[in-house]
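Taking it in order: structure first as structure tokens, then the write-up.
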There are 2 protein chains.
Amino acid sequence: MQPVSETASQALGAMQPRTRLDLGRIRQARGEISRVFRDTPQFHSPALGDLLGCELVIKLETANPVGCFKGRGTEVAMSRLASSPGPKAAVCASAGNLGQALAYSGRARGIAVTVIAGKGANAAKIDRIRRLGGAVELVEGDIEHARERAREIAASGEAFLVEDSENLDTCEGAGTIGLELLDGFDRIDAVLLALGGGALATGVGHVFKTLSPATDIVCVQPKDAPALALSWRARSVVTTDRTDTIADGVAGRFPIPEVLNDLLAVADHVPLVEEESIVEGMRLLYRHAALVTEPSAALGIAAILEDPSRYRGKRVAAVICGSNVLSDTFSAWMRI
Amino acid sequence: MQPVSETASQALGAMQPRTRLDLGRIRQARGEISRVFRDTPQFHSPALGDLLGCELVIKLETANPVGCFKGRGTEVAMSRLASSPGPKAAVCASAGNLGQALAYSGRARGIAVTVIAGKGANAAKIDRIRRLGGAVELVEGDIEHARERAREIAASGEAFLVEDSENLDTCEGAGTIGLELLDGFDRIDAVLLALGGGALATGVGHVFKTLSPATDIVCVQPKDAPALALSWRARSVVTTDRTDTIADGVAGRFPIPEVLNDLLAVADHVPLVEEESIVEGMRLLYRHAALVTEPSAALGIAAILEDPSRYRGKRVAAVICGSNVLSDTFSAWMRI
């Protein structure tokens, strides 16, 4: 259960799982990420851990100007775009979090950012993108329609497309979370990751499967937005007609084949959780760890609630990936 | 407004304000503090800043196992006690936060910790002290009665007394927050600090008045627990009969003369704020920055709300010093 030392893993490059990602590039990515997004808090939460029956480690990705982990990936993407030839403009489709992060990282480097979102997207997130200097275009339909429109704009050559999870920078940027966890703890038995497009899961998963292969990589999706989880189980892309979850940050319907391949190489367990468990997870994080989280960030706690014996007595790291939620909605979920 | 460079300030030791604190020891303290308590997040909050009319920097001291900044001081105190001769036991009086932090830092070094609290202390905080391995003794009355009892125990020679703010380690540990802010920002126009016993205010104040003397050091106390603020204004100790504030973490009645002297040397402005402003500050931190805070942690935002012109357009750092609050109480304050 001891992680392989850095020297050993560097010598044994073959020990990396077969994904598109590379440990050397993930290490390099650390230097490309503004310090507001890296070296984030990682600490035991004894109160919540006792309650869940495990030694819970919180990895907190919300205390930064965009309230989520996605700055890690956009920092890497935009710092590479800034130093390459071609148009200094970028576009992405986003339910909000990627858009906020891209707007932040673009503005810091003089890159114009356009974010395409569905008209039903979280209003607070859209407002925040505009405050951060991003242009927003709202389209009919959901995030998949927004992705189509973003691809159109990119195809015209006007802007660099940051397709979440397909773009390697987004995965490798997220992977730096794994390096930090392994720097801070000599052993982690399980890591709980929200599974949306797949960047967080494949990034952190790649790092652990290289440096600490015995760590259980658990990637959690809502039962009501299960496309990538079903694809992982079928070992082949499964799409769904619609999603119906409060966890808007992870609600995709069309998994990307390359990302699925990466996920197949690193995930050990891909549970689907009920909406009620997600709300209960948010409630426990609020009541016992004083954290406001968006639903996606509570998927890991939901997974423990639905399958406590898997984690009993183990040291479990939960990545709290975002806190962008309307306070009225959050209050209602808290039953307050 | 540029901070004096480290080399210059080291050469000009005379530029330190006349307090009991020392910049060299504060620098040394950094190495004595576990990484779970230091290098905490410091980031712009554009949404809340826009609303308050300033460039707001959040310095977040809540994302650690004890949910407050006090671990900085107890780490320093306990690491020095561990390496000195004498009994390996410590005692403190605490409304909860210092007690949690001391229990944590003591346990990490094999030091037995006893915490004395008033019977009316916040139940969640007391419970947390016990979970962290501290023994708790509840006494009739408020924090001042608890301080008396702690001094009695220490006088018997059984335990080392950690008297918050009087003990220099608690001040110098808190001062490391100032070093981190100055590492991260080339200029800070004002720092907003909760004023309780005085450790946070004098620690951070000493660092700024040495390295960035033009920074406005604002130490905020509730109008209904004003003893140290009134003492600062009178330049002489003023005690009060009682306190009546929701900000339990800063509710002292008997200022310590040595701490008042230190405060006189570093504070520029010591406003007293209304209870309503504290609640509104917590509400804004919740709604626009997704932060759960205890009342003490919202004193800085309350000060901006009551005197916005002082901060207009300035870069203002607010130290968010704690999040230990019962969720039901917090929910009620949020009017949820």
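Convention: chains lettered A, B, ... in structure tokens order; per-chain residue numbering from 1; ligands numbered from 1 as shown.
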
Within 8 Å of chain B, which residues belong to chain A? Use only C-alpha atoms and report them as a PyMOL selection string. chain A and resi 36+40-47+60+63-65+128+131-132+286-287+290-293+323-328+331-332+336

Got a sec: who's within 10 Å of Tyr311 of chain A, counting only C-alpha atoms, leaving out chain neighbours fewer than 4 positions off, as a list in words? Leu52, Gly53, Cys54, Glu55, Leu56, Asp189, Ala190, Asp216, Ala303, Ile304, Leu305, Asp307, Arg315 and Val316 of chain A

Kindly save the residues from that selection, with C-alpha atoms included, as a PDB file, in the first residue's frame.
ATOM      1  CA  LEU A  52     -19.077   7.794   8.110  1.00  0.00           C
ATOM      2  CA  GLY A  53     -16.950   5.112   9.769  1.00  0.00           C
ATOM      3  CA  CYS A  54     -13.731   5.926   7.950  1.00  0.00           C
ATOM      4  CA  GLU A  55     -10.687   8.180   8.261  1.00  0.00           C
ATOM      5  CA  LEU A  56     -11.909  10.926   5.969  1.00  0.00           C
ATOM      6  CA  ASP A 189      -6.704   3.598   0.643  1.00  0.00           C
ATOM      7  CA  ALA A 190      -9.367   5.089  -1.594  1.00  0.00           C
ATOM      8  CA  ASP A 216      -8.988   2.215  -4.845  1.00  0.00           C
ATOM      9  CA  ALA A 303     -21.011   6.823  -2.392  1.00  0.00           C
ATOM     10  CA  ILE A 304     -19.837   6.165   1.179  1.00  0.00           C
ATOM     11  CA  LEU A 305     -23.403   6.512   2.465  1.00  0.00           C
ATOM     12  CA  ASP A 307     -21.848   1.427   0.514  1.00  0.00           C
ATOM     13  CA  ARG A 315      -8.248   6.295   4.888  1.00  0.00           C
ATOM     14  CA  VAL A 316     -10.475   7.798   2.227  1.00  0.00           C
TER      15      VAL A 316
END

From a DSSP calculation on the backbone, collect every residue of segment 42-192 of chain B in alpha helix (DSSP H) and output the set as a PyMOL selection string. chain B and resi 46-52+71-82+97-107+123-131+143-155+168-184

Hey, what does DSSP flag as strand (DSSP E) within segment 47-240 of chain B? Can you give it to me as a ChimeraX atom specification? /B:55-60,89-93,112-118,135-139,160-161,190-194,216-222

Using only C-alpha atoms, please write the residues we just selected to a file, as a PDB file, in the first residue's frame.
ATOM      1  CA  GLU B  55     -10.970  44.515  -4.172  1.00  0.00           C
ATOM      2  CA  LEU B  56     -11.590  41.855  -1.566  1.00  0.00           C
ATOM      3  CA  VAL B  57      -8.984  39.238  -0.741  1.00  0.00           C
ATOM      4  CA  ILE B  58     -10.161  36.324   1.373  1.00  0.00           C
ATOM      5  CA  LYS B  59      -7.561  34.739   3.657  1.00  0.00           C
ATOM      6  CA  LEU B  60      -9.235  31.473   4.603  1.00  0.00           C
ATOM      7  CA  ALA B  89       0.742  18.789  30.018  1.00  0.00           C
ATOM      8  CA  ALA B  90      -0.997  21.990  28.991  1.00  0.00           C
ATOM      9  CA  VAL B  91      -4.118  23.829  30.065  1.00  0.00           C
ATOM     10  CA  CYS B  92      -6.090  26.677  28.551  1.00  0.00           C
ATOM     11  CA  ALA B  93      -9.361  28.506  28.971  1.00  0.00           C
ATOM     12  CA  ALA B 112      -1.990  15.959  27.687  1.00  0.00           C
ATOM     13  CA  VAL B 113      -4.360  18.884  27.217  1.00  0.00           C
ATOM     14  CA  THR B 114      -7.094  20.171  29.541  1.00  0.00           C
ATOM     15  CA  VAL B 115      -9.517  22.828  28.346  1.00  0.00           C
ATOM     16  CA  ILE B 116     -11.571  24.920  30.753  1.00  0.00           C
ATOM     17  CA  ALA B 117     -14.778  26.401  29.366  1.00  0.00           C
ATOM     18  CA  GLY B 118     -17.844  28.169  30.663  1.00  0.00           C
ATOM     19  CA  ALA B 135     -10.100  16.742  28.528  1.00  0.00           C
ATOM     20  CA  VAL B 136     -12.790  19.360  29.157  1.00  0.00           C
ATOM     21  CA  GLU B 137     -13.714  20.954  32.481  1.00  0.00           C
ATOM     22  CA  LEU B 138     -16.822  23.139  32.451  1.00  0.00           C
ATOM     23  CA  VAL B 139     -17.113  25.922  35.036  1.00  0.00           C
ATOM     24  CA  PHE B 160       1.770  24.693  31.202  1.00  0.00           C
ATOM     25  CA  LEU B 161      -0.721  27.544  30.797  1.00  0.00           C
ATOM     26  CA  ALA B 190      -6.003  47.268   4.526  1.00  0.00           C
ATOM     27  CA  VAL B 191      -6.193  44.121   6.625  1.00  0.00           C
ATOM     28  CA  LEU B 192      -9.366  43.333   8.555  1.00  0.00           C
ATOM     29  CA  LEU B 193      -8.850  41.317  11.725  1.00  0.00           C
ATOM     30  CA  ALA B 194     -11.220  40.034  14.377  1.00  0.00           C
ATOM     31  CA  ASP B 216      -4.232  50.031   7.364  1.00  0.00           C
ATOM     32  CA  ILE B 217      -4.505  47.592  10.295  1.00  0.00           C
ATOM     33  CA  VAL B 218      -8.184  47.409  11.200  1.00  0.00           C
ATOM     34  CA  CYS B 219      -9.110  45.405  14.305  1.00  0.00           C
ATOM     35  CA  VAL B 220     -12.834  44.864  14.685  1.00  0.00           C
ATOM     36  CA  GLN B 221     -14.776  44.094  17.830  1.00  0.00           C
ATOM     37  CA  PRO B 222     -18.525  43.744  18.459  1.00  0.00           C
TER      38      PRO B 222
END

Nearest to Asp244 of chain B, chosen from B:Trp232, B:Leu264, B:Glu275, B:Ala103, with only C-alpha atoms counted in the distances: B:Glu275

Which residues, written as a PyMOL selection string, have at least one atom at most 9 Å from Ala121 of chain A, with only C-alpha atoms counted and residues fewer than 5 positions away on the same chain left out? chain A and resi 94-96+126+138+142-143+248

What does the file look like for those residues with N, CA and C atoms, as a tab-separated table (two decimals), in the first residue's frame?
chain	number	residue	atom	x	y	z
A	94	SER	N	-19.89	24.89	-21.44
A	94	SER	CA	-19.79	24.69	-20.00
A	94	SER	C	-21.10	24.96	-19.30
A	95	ALA	N	-21.41	24.11	-18.33
A	95	ALA	CA	-22.55	24.36	-17.45
A	95	ALA	C	-22.21	25.46	-16.46
A	96	GLY	N	-20.97	25.94	-16.51
A	96	GLY	CA	-20.60	27.04	-15.65
A	96	GLY	C	-19.20	26.97	-15.07
A	126	ILE	N	-23.26	31.51	-14.59
A	126	ILE	CA	-23.20	32.33	-15.82
A	126	ILE	C	-22.84	33.78	-15.47
A	138	LEU	N	-25.69	31.84	-24.92
A	138	LEU	CA	-26.63	30.81	-24.44
A	138	LEU	C	-27.34	30.18	-25.64
A	142	ASP	N	-29.34	21.47	-23.88
A	142	ASP	CA	-28.48	21.21	-22.73
A	142	ASP	C	-27.00	21.34	-23.10
A	143	ILE	N	-26.15	20.82	-22.23
A	143	ILE	CA	-24.71	20.96	-22.41
A	143	ILE	C	-24.24	20.33	-23.72
A	248	ASP	N	-25.55	19.35	-11.77
A	248	ASP	CA	-25.44	19.86	-13.13
A	248	ASP	C	-24.01	19.78	-13.67

I'd like the contact shell of segment 73-83 of chain B - 6 Å cut-off, only C-alpha atoms, skipping same-chain residues fewer than 3 positions apart - returned as a tab-separated table (two decimals) with N, CA, C and O atoms, in the first residue's frame.
chain	number	residue	atom	x	y	z
B	32	GLU	N	7.52	25.66	12.62
B	32	GLU	CA	7.03	24.87	13.75
B	32	GLU	C	5.56	24.51	13.61
B	32	GLU	O	5.00	23.82	14.45
B	33	ILE	N	4.94	25.02	12.55
B	33	ILE	CA	3.50	24.83	12.36
B	33	ILE	C	3.25	23.72	11.33
B	33	ILE	O	3.80	23.77	10.23
B	70	LYS	N	-6.47	29.13	15.05
B	70	LYS	CA	-5.72	29.04	16.31
B	70	LYS	C	-4.66	27.94	16.33
B	70	LYS	O	-3.78	27.95	17.18
B	102	LEU	N	-5.53	23.49	20.68
B	102	LEU	CA	-4.55	23.00	21.65
B	102	LEU	C	-4.65	21.48	21.78
B	102	LEU	O	-3.62	20.79	21.87
B	105	SER	N	-2.84	20.07	18.70
B	105	SER	CA	-1.38	20.24	18.72
B	105	SER	C	-0.75	19.45	19.86
B	105	SER	O	0.37	18.95	19.73
B	169	ASP	N	3.64	32.87	21.98
B	169	ASP	CA	3.55	31.91	20.88
B	169	ASP	C	2.22	32.04	20.14
B	169	ASP	O	2.16	31.86	18.92
B	170	THR	N	1.15	32.32	20.89
B	170	THR	CA	-0.16	32.43	20.22
B	170	THR	C	-0.18	33.66	19.30
B	170	THR	O	-0.77	33.63	18.22
B	173	GLY	N	2.47	32.90	16.36
B	173	GLY	CA	1.90	31.91	15.44
B	173	GLY	C	0.88	32.56	14.52
B	173	GLY	O	0.91	32.37	13.30
B	174	ALA	N	-0.01	33.36	15.09
B	174	ALA	CA	-1.01	34.06	14.28
B	174	ALA	C	-0.34	35.01	13.30
B	174	ALA	O	-0.82	35.22	12.17

Atom CA of Ala155 of chain A and atom CA of Gly133 of chain A, how far apart in Å? 23.1 Å

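Shortest separation to Arg253 of chain B among B:Leu228, B:Val279, B:Val162, B:Ala234 occurs at residue B:Leu228, atoms counted being only C-alpha atoms.
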
Between atom CA of Cys171 of chain B and atom CA of Gly203 of chain B, distance in Å (one decimal):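 These two atoms are separated by 4.7 Å.
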